[in-house]
$ cat final00.csv   # CSV, C-alpha atoms
chain,number,residue,atom,x,y,z
A,1,MET,CA,24.7,23.1,18.2
A,2,LEU,CA,21.5,24.3,19.7
A,3,ASN,CA,20.0,25.9,16.6
A,4,PRO,CA,17.0,23.5,16.4
A,5,LEU,CA,16.0,24.3,19.9
A,6,PHE,CA,16.5,28.1,19.4
A,7,THR,CA,14.6,27.9,16.2
A,8,LYS,CA,11.7,26.1,17.9
A,9,LEU,CA,11.5,28.6,20.8
A,10,ASP,CA,11.6,31.5,18.3
A,11,CYS,CA,8.2,30.4,17.1
A,12,LYS,CA,6.7,31.5,20.4
A,13,MET,CA,9.1,32.6,23.1
A,14,PRO,CA,12.4,33.8,21.5
A,15,LEU,CA,15.4,34.1,24.0
A,16,ALA,CA,17.5,37.1,24.5
A,17,PRO,CA,21.2,36.8,23.4
A,18,GLU,CA,22.4,36.4,27.0
A,19,GLU,CA,19.9,33.6,27.6
A,20,ARG,CA,21.0,31.8,24.5
A,21,THR,CA,24.6,32.2,25.6
A,22,ALA,CA,23.9,30.8,29.1
A,23,LEU,CA,22.0,27.7,27.7
A,24,ALA,CA,24.7,27.1,25.0
A,25,GLY,CA,27.4,27.3,27.7
A,26,LEU,CA,25.5,24.7,29.8
A,27,VAL,CA,25.3,22.3,26.8
A,28,GLN,CA,28.8,22.8,25.3
A,29,SER,CA,30.7,20.6,27.8
A,30,ARG,CA,28.0,18.0,28.3
A,31,ALA,CA,27.5,16.6,24.8
A,32,ARG,CA,27.2,12.9,24.5
A,33,ARG,CA,26.8,10.5,21.5
A,34,LEU,CA,25.0,7.2,21.1
A,35,PRO,CA,24.8,4.8,18.1
A,36,ALA,CA,21.5,4.0,16.5
A,37,ARG,CA,19.2,1.5,18.1
A,38,GLN,CA,20.7,1.7,21.6
A,39,ASP,CA,18.9,2.2,24.9
A,40,LEU,CA,19.3,5.5,26.8
A,41,TYR,CA,17.7,3.9,29.8
A,42,VAL,CA,15.2,1.1,30.5
A,43,GLU,CA,12.1,0.9,32.7
A,44,GLY,CA,13.1,0.7,36.3
A,45,ASP,CA,16.3,2.7,36.0
A,46,ALA,CA,16.8,5.6,38.3
A,47,THR,CA,15.4,8.8,36.8
A,48,SER,CA,18.2,10.3,34.7
A,49,PRO,CA,19.2,13.9,34.0
A,50,ILE,CA,17.5,16.0,31.4
A,51,ARG,CA,18.6,15.4,27.8
A,52,ILE,CA,18.5,18.1,25.0
A,53,ILE,CA,18.5,16.4,21.6
A,54,LEU,CA,21.1,18.0,19.4
A,55,ASP,CA,21.1,15.8,16.4
A,56,GLY,CA,19.3,12.5,15.5
A,57,TRP,CA,16.0,11.0,16.6
A,58,ALA,CA,15.1,9.2,19.8
A,59,CYS,CA,11.9,7.7,21.3
A,60,ARG,CA,10.3,6.6,24.5
A,61,TYR,CA,8.7,3.2,24.4
A,62,ASP,CA,7.0,0.4,26.4
A,63,GLN,CA,8.1,-3.2,25.9
A,64,PHE,CA,5.5,-5.9,26.5
A,65,ALA,CA,6.2,-9.4,27.8
A,66,ASP,CA,5.3,-10.9,24.4
A,67,GLY,CA,7.9,-8.8,22.7
A,68,ARG,CA,5.7,-6.2,21.2
A,69,ARG,CA,6.7,-2.5,21.6
A,70,GLN,CA,4.7,0.7,21.7
A,71,ILE,CA,6.5,3.9,20.9
A,72,VAL,CA,4.8,6.6,23.1
A,73,GLU,CA,6.9,9.6,22.2
A,74,LEU,CA,9.3,10.8,19.5
A,75,PHE,CA,12.2,13.2,20.0
A,76,LEU,CA,13.6,15.3,17.2
A,77,PRO,CA,16.6,17.7,17.3
A,78,GLY,CA,15.7,20.6,19.6
A,79,ASP,CA,13.4,18.5,21.8
A,80,ILE,CA,14.0,18.0,25.5
A,81,MET,CA,13.7,14.7,27.2
A,82,GLY,CA,13.0,14.4,31.0
A,83,GLN,CA,11.3,17.6,32.0
A,84,ASP,CA,8.1,15.7,32.8
A,85,CYS,CA,9.8,13.2,35.2
A,86,LEU,CA,10.9,15.8,37.7
A,87,PHE,CA,9.6,14.0,40.8
A,88,ALA,CA,9.7,10.4,39.7
A,89,GLU,CA,12.4,8.2,41.3
A,90,ARG,CA,12.3,5.4,38.7
A,91,GLN,CA,11.6,5.4,35.0
A,92,ASP,CA,8.2,4.0,34.1
A,93,HIS,CA,9.2,3.5,30.5
A,94,SER,CA,12.3,2.9,28.3
A,95,ALA,CA,14.0,5.2,25.8
A,96,CYS,CA,16.3,4.5,22.9
A,97,SER,CA,18.0,6.2,19.9
A,98,ILE,CA,16.4,5.7,16.5
A,99,SER,CA,19.3,7.0,14.5
A,100,ALA,CA,22.8,8.0,15.7
A,101,LEU,CA,22.2,10.4,18.4
A,102,SER,CA,23.9,13.5,19.8
A,103,TYR,CA,22.5,15.0,23.0
A,104,ALA,CA,23.5,17.1,26.0
A,105,LEU,CA,23.1,15.5,29.5
A,106,ILE,CA,22.2,18.2,32.0
A,107,SER,CA,21.5,17.7,35.7
A,108,ARG,CA,18.4,19.3,37.1
A,109,SER,CA,20.4,21.4,39.6
A,110,GLU,CA,22.5,22.8,36.7
A,111,LEU,CA,19.5,23.7,34.7
A,112,ASP,CA,17.7,25.1,37.7
A,113,ALA,CA,20.7,27.4,38.4
A,114,VAL,CA,20.5,28.9,34.9
A,115,VAL,CA,16.7,29.2,35.1
A,116,GLN,CA,17.0,31.1,38.4
A,117,GLN,CA,19.4,33.5,36.7
A,118,PHE,CA,17.3,33.9,33.6
A,119,PRO,CA,13.6,33.4,34.4
A,120,ALA,CA,12.5,33.9,30.8
A,121,LEU,CA,14.4,30.8,29.9
A,122,GLY,CA,12.4,28.9,32.5
A,123,GLN,CA,9.2,30.2,30.9
A,124,ALA,CA,10.4,29.1,27.5
A,125,LEU,CA,11.1,25.6,28.8
A,126,LEU,CA,7.7,25.5,30.4
A,127,TRP,CA,6.1,26.4,27.1
A,128,ASP,CA,8.1,23.6,25.4
A,129,SER,CA,6.7,21.2,28.0
A,130,SER,CA,3.2,22.3,27.4
A,131,VAL,CA,3.6,21.6,23.6
A,132,ALA,CA,4.9,18.2,24.4
A,133,ALA,CA,1.8,17.5,26.5
A,134,ALA,CA,-0.4,18.7,23.6
A,135,ILE,CA,1.4,16.2,21.3
A,136,HIS,CA,0.6,13.4,23.8
A,137,ARG,CA,-3.1,14.3,23.7
A,138,GLN,CA,-3.1,14.3,19.9
A,139,TRP,CA,-1.4,10.8,20.0
A,140,ILE,CA,-4.2,9.5,22.3
A,141,ARG,CA,-6.8,10.9,20.0
A,142,SER,CA,-5.1,9.4,16.9
A,143,LEU,CA,-4.7,5.9,18.5
A,144,GLY,CA,-8.2,5.9,19.9
A,145,ARG,CA,-10.3,7.1,17.0
A,146,LEU,CA,-8.5,7.3,13.7
A,147,SER,CA,-8.2,4.6,11.1
A,148,ALA,CA,-4.9,3.1,10.1
A,149,THR,CA,-4.7,5.4,7.0
A,150,GLN,CA,-5.5,8.5,9.1
A,151,ARG,CA,-3.0,7.5,11.9
A,152,ILE,CA,-0.1,7.3,9.4
A,153,ALA,CA,-1.2,10.4,7.6
A,154,HIS,CA,-1.5,12.3,10.9
A,155,LEU,CA,2.0,11.3,12.0
A,156,PHE,CA,3.5,12.3,8.7
A,157,CYS,CA,1.9,15.7,9.0
A,158,GLU,CA,3.0,16.2,12.5
A,159,LEU,CA,6.6,15.2,11.8
A,160,LEU,CA,6.7,17.6,8.9
A,161,TYR,CA,5.4,20.5,11.0
A,162,ARG,CA,7.7,19.6,13.9
A,163,SER,CA,10.7,19.4,11.6
A,164,ALA,CA,9.8,22.8,10.0
A,165,ARG,CA,9.4,24.3,13.5
A,166,ALA,CA,13.0,23.3,14.3
A,167,GLY,CA,14.3,24.6,11.0
A,168,LEU,CA,15.0,21.1,9.7
A,169,ALA,CA,12.5,20.8,6.8
A,170,ARG,CA,13.2,21.7,3.2
A,171,GLY,CA,9.8,23.0,2.0
A,172,ALA,CA,7.5,20.0,2.5
A,173,THR,CA,10.4,17.5,2.7
A,174,PHE,CA,12.1,16.3,5.8
A,175,ASP,CA,14.5,13.5,7.0
A,176,MET,CA,12.8,10.6,8.8
A,177,PRO,CA,15.1,7.8,10.1
A,178,MET,CA,12.2,5.6,11.2
A,179,GLY,CA,11.5,2.4,9.4
A,180,GLN,CA,8.1,0.8,8.8
A,181,ARG,CA,8.4,-1.2,11.9
A,182,ASP,CA,9.0,1.9,14.0
A,183,LEU,CA,6.1,3.6,12.3
A,184,GLY,CA,3.9,0.6,13.2
A,185,ASP,CA,5.1,0.7,16.8
A,186,ALA,CA,4.2,4.4,17.0
A,187,ARG,CA,0.8,4.0,15.5
A,188,GLY,CA,-0.2,0.6,17.0
A,189,LEU,CA,-0.2,-1.1,13.6
A,190,SER,CA,1.5,-4.2,12.1
A,191,THR,CA,4.3,-3.8,9.5
A,192,VAL,CA,1.9,-5.2,6.9
A,193,GLN,CA,-0.7,-2.5,7.7
A,194,VAL,CA,2.0,0.2,7.6
A,195,ASN,CA,3.3,-1.0,4.2
A,196,ARG,CA,-0.2,-1.2,2.7
A,197,THR,CA,-1.1,2.3,4.1
A,198,VAL,CA,2.1,3.9,2.8
A,199,GLN,CA,1.6,2.4,-0.6
A,200,LEU,CA,-2.0,3.7,-0.7
A,201,LEU,CA,-0.8,7.2,0.2
A,202,ARG,CA,1.9,7.0,-2.5
A,203,SER,CA,-0.5,5.8,-5.2
A,204,ALA,CA,-2.9,8.6,-4.3
A,205,GLY,CA,-0.1,11.1,-5.0
A,206,LEU,CA,0.0,12.4,-1.4
A,207,LEU,CA,3.6,11.6,-0.4
A,208,GLU,CA,6.9,10.0,-1.3
A,209,TRP,CA,9.2,8.2,1.1
A,210,ARG,CA,12.6,7.2,-0.2
A,211,ARG,CA,15.9,6.5,1.6
A,212,ARG,CA,14.7,8.0,4.9
A,213,VAL,CA,13.5,11.2,3.3
A,214,VAL,CA,9.8,12.0,3.2
A,215,GLU,CA,8.2,14.5,0.8
A,216,ILE,CA,4.6,15.6,1.4
A,217,VAL,CA,3.4,16.1,-2.2
A,218,ASP,CA,-0.1,17.3,-1.4
A,219,LEU,CA,-0.2,18.6,2.1
A,220,PRO,CA,-3.7,20.1,2.0
A,221,ARG,CA,-5.3,16.8,1.1
A,222,LEU,CA,-3.1,14.8,3.5
A,223,THR,CA,-4.2,17.1,6.4
A,224,ARG,CA,-7.8,16.7,5.4
A,225,ILE,CA,-7.6,12.9,5.4
A,226,ALA,CA,-5.7,12.9,8.7
A,227,MET,CA,-8.0,15.5,10.2
A,228,PHE,CA,-4.8,17.2,11.3
A,229,ARG,CA,-5.0,20.6,12.9
A,230,PRO,CA,-1.5,22.0,13.6
A,231,GLN,CA,-2.5,24.6,16.2
A,232,TYR,CA,-1.4,22.3,19.1
A,233,LEU,CA,2.2,22.6,17.9
A,234,GLU,CA,2.2,26.4,18.5
A,235,LEU,CA,3.8,27.0,15.1
A,236,GLY,CA,3.4,30.8,14.6
A,237,GLN,CA,4.2,31.7,11.0
A,238,VAL,CA,5.7,28.3,10.2
A,239,SER,CA,2.2,26.8,9.4
A,240,GLU,CA,1.5,29.6,6.9
A,241,GLN,CA,4.8,29.1,5.2
A,242,LEU,CA,4.3,25.4,4.8
A,243,GLU,CA,0.9,25.8,3.3
A,244,ALA,CA,2.2,28.4,0.9
A,245,GLN,CA,5.0,26.0,-0.2
A,246,SER,CA,2.7,23.0,-0.5
A,247,ILE,CA,2.0,22.7,-4.3
A,248,PRO,CA,1.5,19.2,-5.7
A,249,HIS,CA,4.4,18.0,-7.7
A,250,PRO,CA,3.4,17.5,-11.4
A,251,GLU,CA,5.9,14.7,-12.0
A,252,ILE,CA,4.6,12.6,-9.1
A,253,THR,CA,0.9,13.3,-9.8
A,254,PRO,CA,0.6,13.3,-13.6
A,255,GLN,CA,-3.1,12.5,-13.3
A,256,PRO,CA,-5.7,13.8,-10.8
A,257,PRO,CA,-5.5,11.6,-7.7
A,258,PRO,CA,-8.7,9.9,-6.5
A,259,ASP,CA,-11.1,11.7,-4.3
A,260,ASP,CA,-10.6,11.4,-0.6
A,261,ARG,CA,-13.7,9.3,-0.3
A,262,ASP,CA,-12.0,6.6,-2.5
A,263,LEU,CA,-9.4,6.0,0.2
A,264,PRO,CA,-10.3,3.2,2.6
A,265,LEU,CA,-10.1,5.4,5.7
A,266,PHE,CA,-12.2,3.2,7.9
A,267,ARG,CA,-11.1,-0.3,7.0

$ encode --input "final00.csv" --output "structure tokens"
Amino acid sequence: MLNPLFTKLDCKMPLAPEERTALAGLVQSRARRLPARQDLYVEGDATSPIRIILDGWACRYDQFADGRRQIVELFLPGDIMGQDCLFAERQDHSACSISALSYALISRSELDAVVQQFPALGQALLWDSSVAAAIHRQWIRSLGRLSATQRIAHLFCELLYRSARAGLARGATFDMPMGQRDLGDARGLSTVQVNRTVQLLRSAGLLEWRRRVVEIVDLPRLTRIAMFRPQYLELGQVSEQLEAQSIPHPEITPQPPPDDRDLPLFR
């Protein structure tokens, strides 16, 4: 049940067997389910307990008065929601499921009790929070300075690496339950811009996206276009393994793709 979280932590701070057992015991009786496209909470609600995502994807978002939405954070299996709201009394944002969601709802007092018993577990959770903060900084950088093409490319790269870090990628292929509208909400783009950009990346032989499955066909080029540097994700050997597996697929790129300079990066 907690395999994605344990796999992620193993990249940097692997837990001892007794620590894994304690965390698994805490989660086992607190699992919850939520259908796709349902709110976990909305802005103004009382701050809720911590959620460990077991299966499915979720997001945090802000809803504007004119109906527009900005996704400010994505949660994949193995991610933890709520560690950064420790002292807040009310939620300053909303959160919802993107796909059908399974998660463990754990009170802060319960988690604190386990952490006091196993301090190394607390250090591992603190490391996980620091990586989440690094992801926030990268999103600010992307939204502030990258072009539409680069924003989309950067997010695809990040999601591949995050999926691989949690043991959920299959080579350079990963499941992505987001639609084009979700992608636009996460990158500050319209659906038309997202569609145009994805078609551009497809035609250049960089990726394929079919039926909620993404395959990064040419990861080295995609990372160059996105100016993506995976160090902020604290991947350990996962990064090297991905790069070694990333060989362009001959059936998808029968002819040499255009040079990067041919892509309209700054339009």

$ closest_residue --input "final00.csv" --among "A:Leu206, A:Leu105, A:Ile152, A:Ala120" --to "Gly184 in chain A" --atoms "only C-alpha atoms"
A:Ile152

$ closest_residue --input "final00.csv" --among "A:Pro49, A:Pro14, A:Gly188, A:Gly171" --to "Val217 in chain A" --atoms "only C-alpha atoms"
A:Gly171

$ closest_residue --input "final00.csv" --among "A:Arg151, A:Arg196, A:Arg162, A:Arg211" --to "Phe228 in chain A" --atoms "all atoms listed in the file"
A:Arg151

$ closest_residue --input "final00.csv" --among "A:Gln63, A:Gly78, A:Arg30, A:Ile225" --to "Leu146 in chain A" --atoms "all atoms listed in the file"
A:Ile225

$ residues_around --input "final00.csv" --residues "Thr197 in chain A" --least-positions-apart "4" --cutoff "10 Å" --atoms "all atoms listed in the file" --output "list in words"
Ala148, Thr149, Gln150, Arg151, Ile152, Ala153, Thr191, Val192, Gln193, Leu201, Arg202, Ser203, Leu263, Pro264 and Leu265 of chain A

$ atom_distance --input "final00.csv" --atom1 "CA of Ala31 in chain A" --atom2 "CA of Val214 in chain A"
28.3 Å

$ decode --input "final00.csv" --residues "range 108-121 of chain A" --atoms "all heavy atoms" --output "PDB file, in the first residue's frame"
ATOM      1  N   ARG A 108      -2.336  14.915  12.924  1.00  0.00           N
ATOM      2  CA  ARG A 108      -0.980  15.349  13.252  1.00  0.00           C
ATOM      3  C   ARG A 108      -0.488  14.715  14.553  1.00  0.00           C
ATOM      4  O   ARG A 108       0.684  14.375  14.690  1.00  0.00           O
ATOM      5  CB  ARG A 108      -0.942  16.876  13.355  1.00  0.00           C
ATOM      6  CG  ARG A 108      -1.337  17.534  12.052  1.00  0.00           C
ATOM      7  CD  ARG A 108      -1.302  19.056  12.142  1.00  0.00           C
ATOM      8  NE  ARG A 108      -1.936  19.619  10.957  1.00  0.00           N
ATOM      9  CZ  ARG A 108      -1.378  19.706   9.765  1.00  0.00           C
ATOM     10  NH1 ARG A 108      -0.139  19.254   9.613  1.00  0.00           N
ATOM     11  NH2 ARG A 108      -2.005  20.226   8.736  1.00  0.00           N
ATOM     12  N   SER A 109      -1.391  14.552  15.507  1.00  0.00           N
ATOM     13  CA  SER A 109      -0.978  13.965  16.783  1.00  0.00           C
ATOM     14  C   SER A 109      -0.552  12.507  16.598  1.00  0.00           C
ATOM     15  O   SER A 109       0.415  12.054  17.221  1.00  0.00           O
ATOM     16  CB  SER A 109      -2.121  14.056  17.793  1.00  0.00           C
ATOM     17  OG  SER A 109      -3.274  13.365  17.329  1.00  0.00           O
ATOM     18  N   GLU A 110      -1.263  11.783  15.736  1.00  0.00           N
ATOM     19  CA  GLU A 110      -0.889  10.386  15.479  1.00  0.00           C
ATOM     20  C   GLU A 110       0.465  10.301  14.793  1.00  0.00           C
ATOM     21  O   GLU A 110       1.310   9.460  15.154  1.00  0.00           O
ATOM     22  CB  GLU A 110      -1.955   9.719  14.611  1.00  0.00           C
ATOM     23  CG  GLU A 110      -3.292   9.518  15.307  1.00  0.00           C
ATOM     24  CD  GLU A 110      -4.377   9.056  14.348  1.00  0.00           C
ATOM     25  OE1 GLU A 110      -4.371   9.500  13.180  1.00  0.00           O
ATOM     26  OE2 GLU A 110      -5.229   8.254  14.767  1.00  0.00           O
ATOM     27  N   LEU A 111       0.682  11.167  13.818  1.00  0.00           N
ATOM     28  CA  LEU A 111       1.964  11.146  13.112  1.00  0.00           C
ATOM     29  C   LEU A 111       3.092  11.600  14.029  1.00  0.00           C
ATOM     30  O   LEU A 111       4.188  11.020  14.019  1.00  0.00           O
ATOM     31  CB  LEU A 111       1.891  12.040  11.877  1.00  0.00           C
ATOM     32  CG  LEU A 111       3.102  11.995  10.949  1.00  0.00           C
ATOM     33  CD1 LEU A 111       3.324  10.586  10.410  1.00  0.00           C
ATOM     34  CD2 LEU A 111       2.932  12.971   9.792  1.00  0.00           C
ATOM     35  N   ASP A 112       2.831  12.608  14.846  1.00  0.00           N
ATOM     36  CA  ASP A 112       3.855  13.093  15.783  1.00  0.00           C
ATOM     37  C   ASP A 112       4.275  11.995  16.760  1.00  0.00           C
ATOM     38  O   ASP A 112       5.454  11.878  17.102  1.00  0.00           O
ATOM     39  CB  ASP A 112       3.335  14.302  16.566  1.00  0.00           C
ATOM     40  CG  ASP A 112       3.268  15.565  15.720  1.00  0.00           C
ATOM     41  OD1 ASP A 112       3.872  15.569  14.623  1.00  0.00           O
ATOM     42  OD2 ASP A 112       2.600  16.529  16.139  1.00  0.00           O
ATOM     43  N   ALA A 113       3.307  11.187  17.189  1.00  0.00           N
ATOM     44  CA  ALA A 113       3.624  10.114  18.135  1.00  0.00           C
ATOM     45  C   ALA A 113       4.576   9.093  17.505  1.00  0.00           C
ATOM     46  O   ALA A 113       5.526   8.631  18.156  1.00  0.00           O
ATOM     47  CB  ALA A 113       2.337   9.430  18.591  1.00  0.00           C
ATOM     48  N   VAL A 114       4.335   8.757  16.244  1.00  0.00           N
ATOM     49  CA  VAL A 114       5.205   7.804  15.559  1.00  0.00           C
ATOM     50  C   VAL A 114       6.584   8.414  15.317  1.00  0.00           C
ATOM     51  O   VAL A 114       7.613   7.747  15.471  1.00  0.00           O
ATOM     52  CB  VAL A 114       4.563   7.349  14.230  1.00  0.00           C
ATOM     53  CG1 VAL A 114       5.531   6.493  13.429  1.00  0.00           C
ATOM     54  CG2 VAL A 114       3.287   6.582  14.500  1.00  0.00           C
ATOM     55  N   VAL A 115       6.612   9.695  14.965  1.00  0.00           N
ATOM     56  CA  VAL A 115       7.891  10.368  14.710  1.00  0.00           C
ATOM     57  C   VAL A 115       8.718  10.466  15.988  1.00  0.00           C
ATOM     58  O   VAL A 115       9.951  10.328  15.967  1.00  0.00           O
ATOM     59  CB  VAL A 115       7.637  11.764  14.101  1.00  0.00           C
ATOM     60  CG1 VAL A 115       8.903  12.608  14.128  1.00  0.00           C
ATOM     61  CG2 VAL A 115       7.114  11.624  12.676  1.00  0.00           C
ATOM     62  N   GLN A 116       8.075  10.702  17.115  1.00  0.00           N
ATOM     63  CA  GLN A 116       8.806  10.756  18.381  1.00  0.00           C
ATOM     64  C   GLN A 116       9.427   9.403  18.702  1.00  0.00           C
ATOM     65  O   GLN A 116      10.527   9.332  19.255  1.00  0.00           O
ATOM     66  CB  GLN A 116       7.864  11.190  19.501  1.00  0.00           C
ATOM     67  CG  GLN A 116       7.492  12.669  19.445  1.00  0.00           C
ATOM     68  CD  GLN A 116       6.545  13.068  20.551  1.00  0.00           C
ATOM     69  OE1 GLN A 116       6.217  12.269  21.438  1.00  0.00           O
ATOM     70  NE2 GLN A 116       6.082  14.315  20.525  1.00  0.00           N
ATOM     71  N   GLN A 117       8.737   8.345  18.328  1.00  0.00           N
ATOM     72  CA  GLN A 117       9.265   7.004  18.573  1.00  0.00           C
ATOM     73  C   GLN A 117      10.376   6.657  17.594  1.00  0.00           C
ATOM     74  O   GLN A 117      11.328   5.955  17.938  1.00  0.00           O
ATOM     75  CB  GLN A 117       8.143   5.972  18.472  1.00  0.00           C
ATOM     76  CG  GLN A 117       8.560   4.549  18.840  1.00  0.00           C
ATOM     77  CD  GLN A 117       7.387   3.588  18.789  1.00  0.00           C
ATOM     78  OE1 GLN A 117       6.262   3.966  18.452  1.00  0.00           O
ATOM     79  NE2 GLN A 117       7.653   2.323  19.109  1.00  0.00           N
ATOM     80  N   PHE A 118      10.251   7.162  16.368  1.00  0.00           N
ATOM     81  CA  PHE A 118      11.229   6.866  15.314  1.00  0.00           C
ATOM     82  C   PHE A 118      11.708   8.182  14.689  1.00  0.00           C
ATOM     83  O   PHE A 118      11.160   8.628  13.670  1.00  0.00           O
ATOM     84  CB  PHE A 118      10.614   5.964  14.242  1.00  0.00           C
ATOM     85  CG  PHE A 118      10.133   4.639  14.742  1.00  0.00           C
ATOM     86  CD1 PHE A 118       8.777   4.435  14.995  1.00  0.00           C
ATOM     87  CD2 PHE A 118      11.026   3.607  14.993  1.00  0.00           C
ATOM     88  CE1 PHE A 118       8.323   3.208  15.457  1.00  0.00           C
ATOM     89  CE2 PHE A 118      10.581   2.379  15.457  1.00  0.00           C
ATOM     90  CZ  PHE A 118       9.225   2.177  15.698  1.00  0.00           C
ATOM     91  N   PRO A 119      12.705   8.834  15.287  1.00  0.00           N
ATOM     92  CA  PRO A 119      13.160  10.148  14.786  1.00  0.00           C
ATOM     93  C   PRO A 119      13.615  10.120  13.329  1.00  0.00           C
ATOM     94  O   PRO A 119      13.473  11.123  12.620  1.00  0.00           O
ATOM     95  CB  PRO A 119      14.321  10.488  15.730  1.00  0.00           C
ATOM     96  CG  PRO A 119      14.035   9.714  16.980  1.00  0.00           C
ATOM     97  CD  PRO A 119      13.398   8.440  16.522  1.00  0.00           C
ATOM     98  N   ALA A 120      14.168   8.995  12.870  1.00  0.00           N
ATOM     99  CA  ALA A 120      14.620   8.917  11.476  1.00  0.00           C
ATOM    100  C   ALA A 120      13.458   9.079  10.511  1.00  0.00           C
ATOM    101  O   ALA A 120      13.622   9.608   9.407  1.00  0.00           O
ATOM    102  CB  ALA A 120      15.336   7.588  11.225  1.00  0.00           C
ATOM    103  N   LEU A 121      12.281   8.623  10.927  1.00  0.00           N
ATOM    104  CA  LEU A 121      11.093   8.805  10.099  1.00  0.00           C
ATOM    105  C   LEU A 121      10.763  10.292   9.967  1.00  0.00           C
ATOM    106  O   LEU A 121      10.394  10.762   8.887  1.00  0.00           O
ATOM    107  CB  LEU A 121       9.914   8.041  10.707  1.00  0.00           C
ATOM    108  CG  LEU A 121       8.567   8.185  10.003  1.00  0.00           C
ATOM    109  CD1 LEU A 121       8.648   7.755   8.547  1.00  0.00           C
ATOM    110  CD2 LEU A 121       7.498   7.368  10.738  1.00  0.00           C
TER     111      LEU A 121
END
